[in-house]
file data-v1.cif (mmCIF, C-alpha atoms)
data_structure
#
loop_
_atom_site.label_atom_id
_atom_site.label_comp_id
_atom_site.auth_asym_id
_atom_site.auth_seq_id
_atom_site.Cartn_x
_atom_site.Cartn_y
_atom_site.Cartn_z
CA MET F 29 191.58 26.48 109.19
CA GLY F 30 188.50 28.71 109.21
CA GLN F 31 186.25 29.81 106.38
CA PRO F 32 187.47 33.11 104.87
CA LEU F 33 185.37 36.19 105.68
CA ASP F 34 183.12 37.77 103.06
CA ASP F 35 183.47 41.38 101.91
CA ALA F 36 180.89 42.74 104.34
CA ALA F 37 182.72 41.18 107.30
CA LEU F 38 186.14 42.44 106.10
CA ASP F 39 184.60 45.92 105.82
CA THR F 40 183.15 45.74 109.35
CA ILE F 41 186.38 44.83 111.10
CA PHE F 42 188.96 46.58 108.85
CA ARG F 43 188.23 48.24 105.53
CA THR F 44 185.39 50.64 106.19
CA ALA F 45 185.55 50.60 110.01
CA ARG F 46 186.35 54.01 111.44
CA THR F 47 187.31 55.52 114.77
CA ALA F 48 184.21 57.09 116.32
CA ASN F 49 184.35 60.55 117.90
CA HIS F 50 180.71 60.67 119.01
CA TYR F 51 178.12 57.99 119.57
CA LEU F 52 174.42 57.56 118.86
CA ASP F 53 172.04 57.80 121.82
CA LYS F 54 171.71 54.03 121.95
CA PRO F 55 172.55 52.17 125.16
CA VAL F 56 175.28 49.52 125.42
CA GLY F 57 174.16 46.86 127.90
CA GLU F 58 176.48 44.91 130.17
CA ASP F 59 175.64 41.78 128.18
CA LEU F 60 177.40 43.37 125.21
CA LEU F 61 180.52 44.11 127.30
CA HIS F 62 180.56 40.45 128.32
CA ALA F 63 180.17 39.50 124.65
CA VAL F 64 183.23 41.61 123.73
CA TRP F 65 185.29 39.78 126.38
CA ASP F 66 183.92 36.40 125.29
CA LEU F 67 185.34 37.04 121.80
CA MET F 68 188.57 38.86 122.59
CA LYS F 69 189.63 36.30 125.21
CA TRP F 70 190.27 33.78 122.39
CA GLY F 71 192.97 35.93 120.76
CA PRO F 72 196.40 34.39 121.31
CA THR F 73 198.84 35.74 123.91
CA SER F 74 202.31 34.41 124.66
CA ALA F 75 202.02 31.39 127.00
CA ASN F 76 198.34 32.33 127.45
CA GLN F 77 199.41 35.19 129.72
CA LEU F 78 196.22 37.22 129.26
CA PRO F 79 197.79 40.19 131.11
CA ALA F 80 195.04 42.71 130.23
CA ARG F 81 192.91 43.96 133.13
CA ILE F 82 189.91 45.94 131.91
CA VAL F 83 187.78 48.50 133.72
CA TRP F 84 184.61 49.28 131.80
CA CYS F 85 183.51 52.77 132.89
CA VAL F 86 179.73 53.00 132.50
CA SER F 87 178.61 55.13 135.47
CA ASP F 88 178.75 58.91 135.37
CA ALA F 89 180.98 58.84 138.45
CA ALA F 90 183.55 56.52 136.84
CA LYS F 91 183.52 58.50 133.58
CA ALA F 92 184.07 61.75 135.50
CA ARG F 93 187.02 60.27 137.40
CA LEU F 94 188.56 59.09 134.13
CA ALA F 95 187.78 62.32 132.26
CA GLU F 96 189.73 64.27 134.89
CA CYS F 97 192.85 62.30 133.88
CA ALA F 98 192.41 62.90 130.13
CA SER F 99 193.98 65.61 128.02
CA GLY F 100 192.58 67.97 125.38
CA THR F 101 189.21 67.04 123.95
CA ASN F 102 189.32 63.50 125.39
CA GLY F 103 187.53 64.40 128.64
CA PRO F 104 184.29 65.52 126.99
CA LYS F 105 184.44 62.50 124.65
CA ILE F 106 184.65 60.17 127.67
CA MET F 107 181.70 61.89 129.38
CA ALA F 108 179.56 61.67 126.24
CA ALA F 109 180.36 58.04 125.27
CA PRO F 110 178.14 55.21 126.57
CA VAL F 111 181.23 53.32 127.81
CA THR F 112 184.96 53.95 128.08
CA ALA F 113 187.20 50.94 128.61
CA ILE F 114 190.53 51.23 130.44
CA ILE F 115 192.88 48.57 129.08
CA GLY F 116 195.23 47.91 131.98
CA MET F 117 198.10 45.44 132.18
CA ASP F 118 199.26 43.31 135.08
CA GLU F 119 203.02 42.83 135.40
CA ASN F 120 202.24 40.08 137.93
CA PHE F 121 200.36 38.05 135.31
CA HIS F 122 202.79 35.19 135.96
CA GLU F 123 201.00 34.38 139.24
CA HIS F 124 198.10 33.07 137.11
CA LEU F 125 200.20 30.91 134.77
CA PRO F 126 199.96 27.69 136.81
CA GLU F 127 196.25 27.80 135.95
CA LEU F 128 196.36 29.43 132.49
CA PHE F 129 199.35 27.48 131.10
CA PRO F 130 199.24 24.35 133.25
CA HIS F 131 201.42 21.87 131.30
CA VAL F 132 204.80 23.48 132.11
CA ASP F 133 206.13 25.70 134.90
CA ALA F 134 205.86 28.96 132.92
CA LYS F 135 205.68 31.02 136.13
CA SER F 136 209.34 30.23 136.77
CA TRP F 137 210.32 31.90 133.45
CA PHE F 138 209.16 35.21 134.92
CA ASP F 139 209.82 34.90 138.66
CA GLY F 140 212.30 37.56 139.78
CA ASN F 141 212.53 39.14 136.31
CA ARG F 142 210.40 42.25 136.50
CA GLU F 143 211.83 43.77 133.32
CA LEU F 144 210.79 40.71 131.28
CA ARG F 145 207.35 40.72 132.91
CA ALA F 146 206.83 44.42 132.17
CA ALA F 147 207.76 44.01 128.49
CA SER F 148 205.66 40.87 128.16
CA ALA F 149 202.63 42.49 129.84
CA PHE F 150 202.97 45.55 127.58
CA ARG F 151 203.24 43.50 124.36
CA ASN F 152 200.49 41.03 125.18
CA SER F 153 198.02 43.50 126.70
CA SER F 154 198.48 45.59 123.54
CA LEU F 155 197.62 42.50 121.44
CA GLN F 156 194.55 42.10 123.66
CA GLY F 157 193.74 45.79 123.15
CA ALA F 158 193.65 45.18 119.41
CA TYR F 159 191.51 42.06 119.91
CA PHE F 160 189.16 44.24 121.97
CA ILE F 161 188.87 46.75 119.09
CA ILE F 162 188.22 44.05 116.49
CA ALA F 163 185.82 42.10 118.73
CA ALA F 164 183.77 45.24 119.42
CA ARG F 165 183.56 46.01 115.71
CA ALA F 166 182.64 42.41 114.93
CA LEU F 167 179.62 42.83 117.24
CA GLY F 168 178.51 46.02 115.48
CA LEU F 169 180.04 48.42 118.00
CA ASP F 170 182.54 51.21 117.33
CA VAL F 171 185.56 52.30 119.34
CA GLY F 172 187.60 55.45 119.86
CA PRO F 173 191.06 54.46 121.19
CA MET F 174 193.03 57.21 122.96
CA SER F 175 196.56 57.70 124.22
CA GLY F 176 196.07 61.26 125.49
CA PHE F 177 195.78 60.86 129.27
CA ASP F 178 197.90 60.93 132.42
CA GLY F 179 198.69 57.25 132.98
CA GLY F 180 199.84 57.70 136.56
CA ALA F 181 196.61 59.48 137.44
CA VAL F 182 194.47 56.75 135.84
CA ASP F 183 196.46 54.09 137.70
CA LYS F 184 195.85 55.90 140.99
CA ALA F 185 192.14 56.41 140.29
CA PHE F 186 191.36 52.87 139.09
CA PHE F 187 194.14 50.43 139.96
CA ALA F 188 195.30 51.61 143.41
CA ASP F 189 194.05 48.30 144.88
CA GLN F 190 195.89 46.18 142.28
CA PRO F 191 199.67 46.50 142.71
CA GLY F 192 201.43 45.68 139.46
CA VAL F 193 198.55 46.87 137.25
CA SER F 194 199.05 50.00 135.14
CA THR F 195 197.15 51.58 132.28
CA ASN F 196 198.07 50.76 128.68
CA PHE F 197 195.44 52.74 126.75
CA ILE F 198 191.79 53.75 126.93
CA ALA F 199 188.98 53.58 124.37
CA THR F 200 185.45 54.91 124.14
CA LEU F 201 182.83 52.37 123.02
CA GLY F 202 179.31 52.55 121.63
CA PHE F 203 177.32 52.71 118.42
CA GLY F 204 179.24 55.36 116.47
CA ASP F 205 177.67 58.37 114.86
CA PRO F 206 178.83 58.24 111.20
CA ALA F 207 178.73 62.07 111.13
CA SER F 208 181.50 62.17 113.77
CA VAL F 209 184.12 60.43 111.63
CA HIS F 210 187.18 62.41 110.48
CA ASP F 211 188.69 62.26 106.99
CA ARG F 212 190.54 59.01 106.45
CA LEU F 213 194.30 59.16 107.03
CA PRO F 214 196.70 57.73 104.43
CA ARG F 215 197.84 54.12 104.43
CA PRO F 216 201.05 53.48 102.49
CA PRO F 217 201.42 50.64 99.98
CA PHE F 218 203.05 47.32 100.89
CA GLU F 219 206.53 48.31 99.69
CA ARG F 220 206.87 51.18 102.15
CA PHE F 221 206.90 49.21 105.40
CA ASN F 222 207.20 45.60 104.22
CA ARG F 223 209.97 43.52 102.70
CA ILE F 224 209.95 39.98 101.28
CA ALA F 225 213.12 38.04 102.14
CA MET U 12 178.78 51.36 112.06
CA GLY U 13 179.37 48.06 110.25
CA GLN U 14 177.17 45.00 109.92
CA PRO U 15 177.82 42.52 112.75
CA LEU U 16 179.67 39.34 111.77
CA ASP U 17 177.87 36.02 111.52
CA ASP U 18 178.81 32.97 113.59
CA ALA U 19 181.10 31.47 110.94
CA ALA U 20 183.11 34.70 110.73
CA LEU U 21 183.38 35.03 114.53
CA ASP U 22 184.62 31.43 114.62
CA THR U 23 187.23 32.11 111.90
CA ILE U 24 188.83 35.10 113.58
CA PHE U 25 188.31 34.25 117.28
CA ARG U 26 186.23 31.38 118.62
CA THR U 27 187.50 28.30 116.83
CA ALA U 28 190.73 29.80 115.42
CA ARG U 29 193.80 28.05 116.77
CA THR U 30 197.54 28.60 116.74
CA ALA U 31 199.09 26.34 114.09
CA ASN U 32 202.21 24.30 114.83
CA HIS U 33 202.54 22.74 111.37
CA TYR U 34 201.17 23.70 108.00
CA LEU U 35 199.69 21.89 105.03
CA ASP U 36 201.85 21.56 101.92
CA LYS U 37 199.96 24.37 100.21
CA PRO U 38 201.86 27.41 98.94
CA VAL U 39 201.23 30.95 100.18
CA GLY U 40 201.74 33.36 97.28
CA GLU U 41 203.09 36.90 97.60
CA ASP U 42 199.66 38.18 96.56
CA LEU U 43 198.29 36.76 99.82
CA LEU U 44 201.00 38.54 101.86
CA HIS U 45 199.99 41.79 100.15
CA ALA U 46 196.35 40.98 100.96
CA VAL U 47 197.21 40.59 104.67
CA TRP U 48 198.89 44.02 104.66
CA ASP U 49 195.98 45.56 102.72
CA LEU U 50 193.64 44.53 105.55
CA MET U 51 195.83 45.05 108.61
CA LYS U 52 196.91 48.54 107.49
CA TRP U 53 193.36 49.81 108.25
CA GLY U 54 193.59 48.91 111.96
CA PRO U 55 193.91 52.07 114.06
CA THR U 56 197.22 53.21 115.55
CA SER U 57 197.80 56.30 117.67
CA ALA U 58 198.15 59.35 115.39
CA ASN U 59 198.34 56.89 112.46
CA GLN U 60 201.91 56.04 113.48
CA LEU U 61 201.99 52.65 111.73
CA PRO U 62 205.35 51.81 113.37
CA ALA U 63 205.40 48.12 112.33
CA ARG U 64 208.08 47.11 109.83
CA ILE U 65 207.52 43.60 108.53
CA VAL U 66 209.97 41.18 106.95
CA TRP U 67 208.16 38.24 105.34
CA CYS U 68 210.67 35.35 105.24
CA VAL U 69 209.77 33.10 102.31
CA SER U 70 213.15 31.95 100.95
CA ASP U 71 215.02 29.04 102.47
CA ALA U 72 217.99 31.36 103.07
CA ALA U 73 215.92 33.89 105.04
CA LYS U 74 214.18 31.16 107.03
CA ALA U 75 217.56 29.59 107.91
CA ARG U 76 218.94 32.96 109.07
CA LEU U 77 215.88 33.46 111.26
CA ALA U 78 215.80 29.87 112.55
CA GLU U 79 219.38 30.32 113.82
CA CYS U 80 218.09 33.08 116.12
CA ALA U 81 215.17 31.04 117.49
CA SER U 82 215.06 28.96 120.65
CA GLY U 83 213.77 25.48 121.43
CA THR U 84 211.51 23.93 118.82
CA ASN U 85 210.92 27.25 117.05
CA GLY U 86 213.80 26.84 114.57
CA PRO U 87 212.39 23.68 112.94
CA LYS U 88 208.91 25.27 112.89
CA ILE U 89 210.28 28.28 111.00
CA MET U 90 212.06 26.06 108.46
CA ALA U 91 208.91 23.99 107.86
CA ALA U 92 206.40 26.87 107.60
CA PRO U 93 205.64 28.41 104.18
CA VAL U 94 206.28 31.91 105.58
CA THR U 95 207.51 33.43 108.83
CA ALA U 96 206.83 37.12 109.41
CA ILE U 97 209.11 39.26 111.56
CA ILE U 98 207.04 42.04 113.12
CA GLY U 99 209.57 44.82 113.67
CA MET U 100 209.00 48.28 115.11
CA ASP U 101 210.55 51.59 114.14
CA GLU U 102 211.25 53.99 116.99
CA ASN U 103 211.83 56.66 114.32
CA PHE U 104 208.24 56.33 113.06
CA HIS U 105 207.78 60.04 113.81
CA GLU U 106 209.79 60.95 110.68
CA HIS U 107 206.81 59.70 108.63
CA LEU U 108 204.10 61.61 110.55
CA PRO U 109 204.13 64.75 108.36
CA GLU U 110 202.81 62.44 105.63
CA LEU U 111 200.74 59.97 107.70
CA PHE U 112 199.11 62.53 110.06
CA PRO U 113 199.30 65.69 107.97
CA HIS U 114 196.80 68.02 109.67
CA VAL U 115 198.91 68.79 112.77
CA ASP U 116 202.64 68.75 113.58
CA ALA U 117 202.59 65.36 115.32
CA LYS U 118 206.29 64.83 114.63
CA SER U 119 207.10 67.56 117.16
CA TRP U 120 205.36 65.55 119.92
CA PHE U 121 208.07 62.91 119.55
CA ASP U 122 211.18 64.85 118.49
CA GLY U 123 213.91 64.45 121.08
CA ASN U 124 211.86 62.07 123.25
CA ARG U 125 213.23 58.63 122.53
CA GLU U 126 211.58 57.02 125.57
CA LEU U 127 208.11 58.14 124.41
CA ARG U 128 208.86 56.96 120.87
CA ALA U 129 210.05 53.53 122.06
CA ALA U 130 206.90 53.00 124.18
CA SER U 131 204.66 54.24 121.40
CA ALA U 132 206.35 52.04 118.78
CA PHE U 133 206.07 49.02 121.09
CA ARG U 134 202.37 49.58 121.88
CA ASN U 135 201.28 50.40 118.35
CA SER U 136 203.37 47.76 116.55
CA SER U 137 201.86 45.22 118.96
CA LEU U 138 198.38 46.42 117.99
CA GLN U 139 199.48 45.96 114.37
CA GLY U 140 200.78 42.49 115.22
CA ALA U 141 197.31 41.57 116.44
CA TYR U 142 195.74 43.08 113.31
CA PHE U 143 198.17 40.92 111.31
CA ILE U 144 196.98 37.78 113.15
CA ILE U 145 193.28 38.60 112.67
CA ALA U 146 193.75 39.70 109.03
CA ALA U 147 195.55 36.47 108.17
CA ARG U 148 192.80 34.40 109.78
CA ALA U 149 190.12 36.47 108.01
CA LEU U 150 191.72 35.43 104.70
CA GLY U 151 191.69 31.74 105.63
CA LEU U 152 195.31 31.58 106.78
CA ASP U 153 196.63 30.44 110.15
CA VAL U 154 199.42 31.85 112.28
CA GLY U 155 201.85 30.65 114.91
CA PRO U 156 203.09 33.67 116.91
CA MET U 157 206.35 33.18 118.85
CA SER U 158 208.31 35.08 121.47
CA GLY U 159 211.09 32.52 121.84
CA PHE U 160 214.02 34.04 119.93
CA ASP U 161 217.09 36.20 120.44
CA GLY U 162 215.83 39.68 119.58
CA GLY U 163 219.27 41.22 119.24
CA ALA U 164 220.34 38.49 116.81
CA VAL U 165 217.20 38.93 114.68
CA ASP U 166 217.74 42.70 114.63
CA LYS U 167 221.32 42.17 113.46
CA ALA U 168 220.34 39.62 110.80
CA PHE U 169 217.36 41.54 109.35
CA PHE U 170 217.35 45.18 110.45
CA ALA U 171 221.06 46.12 110.44
CA ASP U 172 220.38 48.59 107.61
CA GLN U 173 217.44 50.23 109.45
CA PRO U 174 218.65 52.07 112.56
CA GLY U 175 215.81 52.44 115.05
CA VAL U 176 214.08 49.23 113.95
CA SER U 177 213.99 46.28 116.35
CA THR U 178 212.04 43.04 116.50
CA ASN U 179 208.77 42.85 118.42
CA PHE U 180 207.69 39.26 117.72
CA ILE U 181 207.69 36.67 114.95
CA ALA U 182 204.94 34.43 113.56
CA THR U 183 204.76 31.51 111.18
CA LEU U 184 202.06 31.74 108.52
CA GLY U 185 200.33 29.30 106.18
CA PHE U 186 197.37 26.98 105.89
CA GLY U 187 197.42 25.21 109.25
CA ASP U 188 197.33 21.46 109.68
CA PRO U 189 194.41 20.82 112.08
CA ALA U 190 196.29 17.78 113.41
CA SER U 191 199.06 20.08 114.72
CA VAL U 192 196.85 22.00 117.13
CA HIS U 193 197.46 21.62 120.89
CA ASP U 194 194.73 21.24 123.50
CA ARG U 195 192.93 24.51 124.10
CA LEU U 196 194.19 26.53 127.06
CA PRO U 197 191.73 27.92 129.61
CA ARG U 198 190.09 31.32 129.28
CA PRO U 199 188.71 32.74 132.52
CA PRO U 200 185.22 34.22 132.81
CA PHE U 201 184.57 37.97 132.60
CA GLU U 202 184.71 38.55 136.36
CA ARG U 203 188.31 37.39 136.71
CA PHE U 204 190.05 40.11 134.71
CA ASN U 205 187.27 42.66 134.10
CA ARG U 206 185.43 45.14 136.30
CA ILE U 207 182.43 47.35 135.57
CA ALA U 208 182.72 50.79 137.18
#
call {"tool": "encode", "arguments": {"input": "data-v1.cif", "output": "structure tokens"}}
result
Amino acid sequence: MGQPLDDAALDTIFRTARTANHYLDKPVGEDLLHAVWDLMKWGPTSANQLPARIVWCVSDAAKARLAECASGTNGPKIMAAPVTAIIGMDENFHEHLPELFPHVDAKSWFDGNRELRAASAFRNSSLQGAYFIIAARALGLDVGPMSGFDGGAVDKAFFADQPGVSTNFIATLGFGDPASVHDRLPRPPFERFNRIA
Amino acid sequence: MGQPLDDAALDTIFRTARTANHYLDKPVGEDLLHAVWDLMKWGPTSANQLPARIVWCVSDAAKARLAECASGTNGPKIMAAPVTAIIGMDENFHEHLPELFPHVDAKSWFDGNRELRAASAFRNSSLQGAYFIIAARALGLDVGPMSGFDGGAVDKAFFADQPGVSTNFIATLGFGDPASVHDRLPRPPFERFNRIA
């Protein structure tokens, strides 16, 4: 129902956007983190579950705690980035559904079914993780998503006070240094991974 | 590194975009399905895994097969929509990594570890599902994502010839009828699900 994006906008969010490995020495204010949330929150999740719980690490202390849980070259990247976001997921998201999905008793679909809640939190917080990436790019920021970390250690360091919340993935955030971008990896044509039925 | 989006573009992909329940009688050509893939394929996945496997149901026969697996009001929605996409995920995505991530032996990280592959396929195909939603909107299309279906039945009907592929979620696609949109569901402020550390 919206107006299609122009070429420059398609480039910004998809076609020429790249994963950043280092960032320019340009601060990212808290207002910009709020702006990312105020865009990404509109992305659809099943029954408006919104299971993502985000910790935005901006202090040196928080970055150091997170870097200790990261593997390989990810630790130094976290320390050097203006912000690293931890995209967590709450398997007790259903407690919020009476408010977030008020017209039916959606909480009862999930009560007592932890396996369903865990799968639903994983799927929908991953959708929200992608909305986070696109929203950041749409605002002129760049991201560096990472899977190389000890999830249990991150949970203990950042979500110990929130039972039911665990870490999905993490991502550095800032104004990317174009010189830090790797060679582009291949993307196969439609026929490889798509079928029309 | 890209140019920030203007207000109209932010509205199209996030702020005023809405889940469609019915679509206008306006065809969606195969060229447009290719265009969605040619945008969404650029969205980042861990080690360029690209685990999503998409079946675009456009024929009445395919829609009927899928509608039989859907619950509640989803069957009639599938029959009435111009297209319904099945977002599948391949837990054997690692077989493609020598080509998709050629500079290191990423396949060996996943060989023999089915649990890691299943989690990775689920996370990254969900990211791709979100890229699919945003890419479709960016092209002026609308989507209606759904979780209400019998996953095992969809797998059997559409992925029987692809061992390792299972269904993540499904989504109708077309030019949405603004009259079919439900009331907007609440989105909580930053403080509710975010923390700055």
call {"tool": "residues_around", "arguments": {"input": "data-v1.cif", "residues": "Cys97 in chain F", "least_positions_apart": "2", "cutoff": "8 Å", "atoms": "only C-alpha atoms", "output": "PyMOL selection string"}}
result
chain F and resi 93-95+99+103+177-179+181-182
call {"tool": "residues_around", "arguments": {"input": "data-v1.cif", "residues": "Phe129 in chain F", "least_positions_apart": "3", "cutoff": "8 Å", "atoms": "only C-alpha atoms", "output": "PDB file with C-alpha atoms, in the frame of the given file"}}
result
ATOM      1  CA  ALA F  75     202.020  31.390 127.000  1.00  0.00           C
ATOM      2  CA  ASN F  76     198.340  32.330 127.450  1.00  0.00           C
ATOM      3  CA  GLN F  77     199.410  35.190 129.720  1.00  0.00           C
ATOM      4  CA  LEU F 125     200.200  30.910 134.770  1.00  0.00           C
ATOM      5  CA  PRO F 126     199.960  27.690 136.810  1.00  0.00           C
ATOM      6  CA  VAL F 132     204.800  23.480 132.110  1.00  0.00           C
ATOM      7  CA  ASP F 133     206.130  25.700 134.900  1.00  0.00           C
ATOM      8  CA  ALA F 134     205.860  28.960 132.920  1.00  0.00           C
TER       9      ALA F 134
ATOM     10  CA  LEU U 196     194.190  26.530 127.060  1.00  0.00           C
ATOM     11  CA  PRO U 197     191.730  27.920 129.610  1.00  0.00           C
TER      12      PRO U 197
END
call {"tool": "resolve_selection", "arguments": {"input": "data-v1.cif", "expression": "the PyMOL selection byres ((chain U) within 6 of (chain F))", "output": "PyMOL selection string"}}
result
chain U and resi 12-16+20+23+25+53+64-69+73+111+134+137-138+141+149-151+187+197+204-208
call {"tool": "atom_distance", "arguments": {"input": "data-v1.cif", "atom1": "CA of Ala98 in chain F", "atom2": "CA of Arg128 in chain U"}}
result
19.8 Å
call {"tool": "closest_residue", "arguments": {"input": "data-v1.cif", "among": "U:Asp172, U:Asp36, U:Asp166, U:Asp194", "to": "Ala92 in chain U", "atoms": "all atoms listed in the file"}}
result
U:Asp36
call {"tool": "atom_distance", "arguments": {"input": "data-v1.cif", "atom1": "CA of Ile89 in chain U", "atom2": "CA of Thr183 in chain U"}}
result
6.4 Å
call {"tool": "axis_aligned_box", "arguments": {"input": "data-v1.cif", "around": "range 151-154 of chain F", "padding_each_side": "8 Å", "output": "JSON"}}
result
{"center_x": 200.6, "center_y": 43.3, "center_z": 125.1, "size_x": 21.2, "size_y": 20.6, "size_z": 19.2}
call {"tool": "atom_distance", "arguments": {"input": "data-v1.cif", "atom1": "CA of Gly40 in chain U", "atom2": "CA of Pro93 in chain U"}}
result
9.3 Å
call {"tool": "residues_around", "arguments": {"input": "data-v1.cif", "residues": "Gly180 in chain F", "least_positions_apart": "6", "cutoff": "10 Å", "atoms": "only C-alpha atoms", "output": "NGL selection string"}}
result
:F and (97 or 187 or 194-195)
call {"tool": "closest_residue", "arguments": {"input": "data-v1.cif", "among": "U:Lys167, U:His193, U:Arg125, U:Lys37", "to": "Glu102 in chain U", "atoms": "all atoms listed in the file"}}
result
U:Arg125
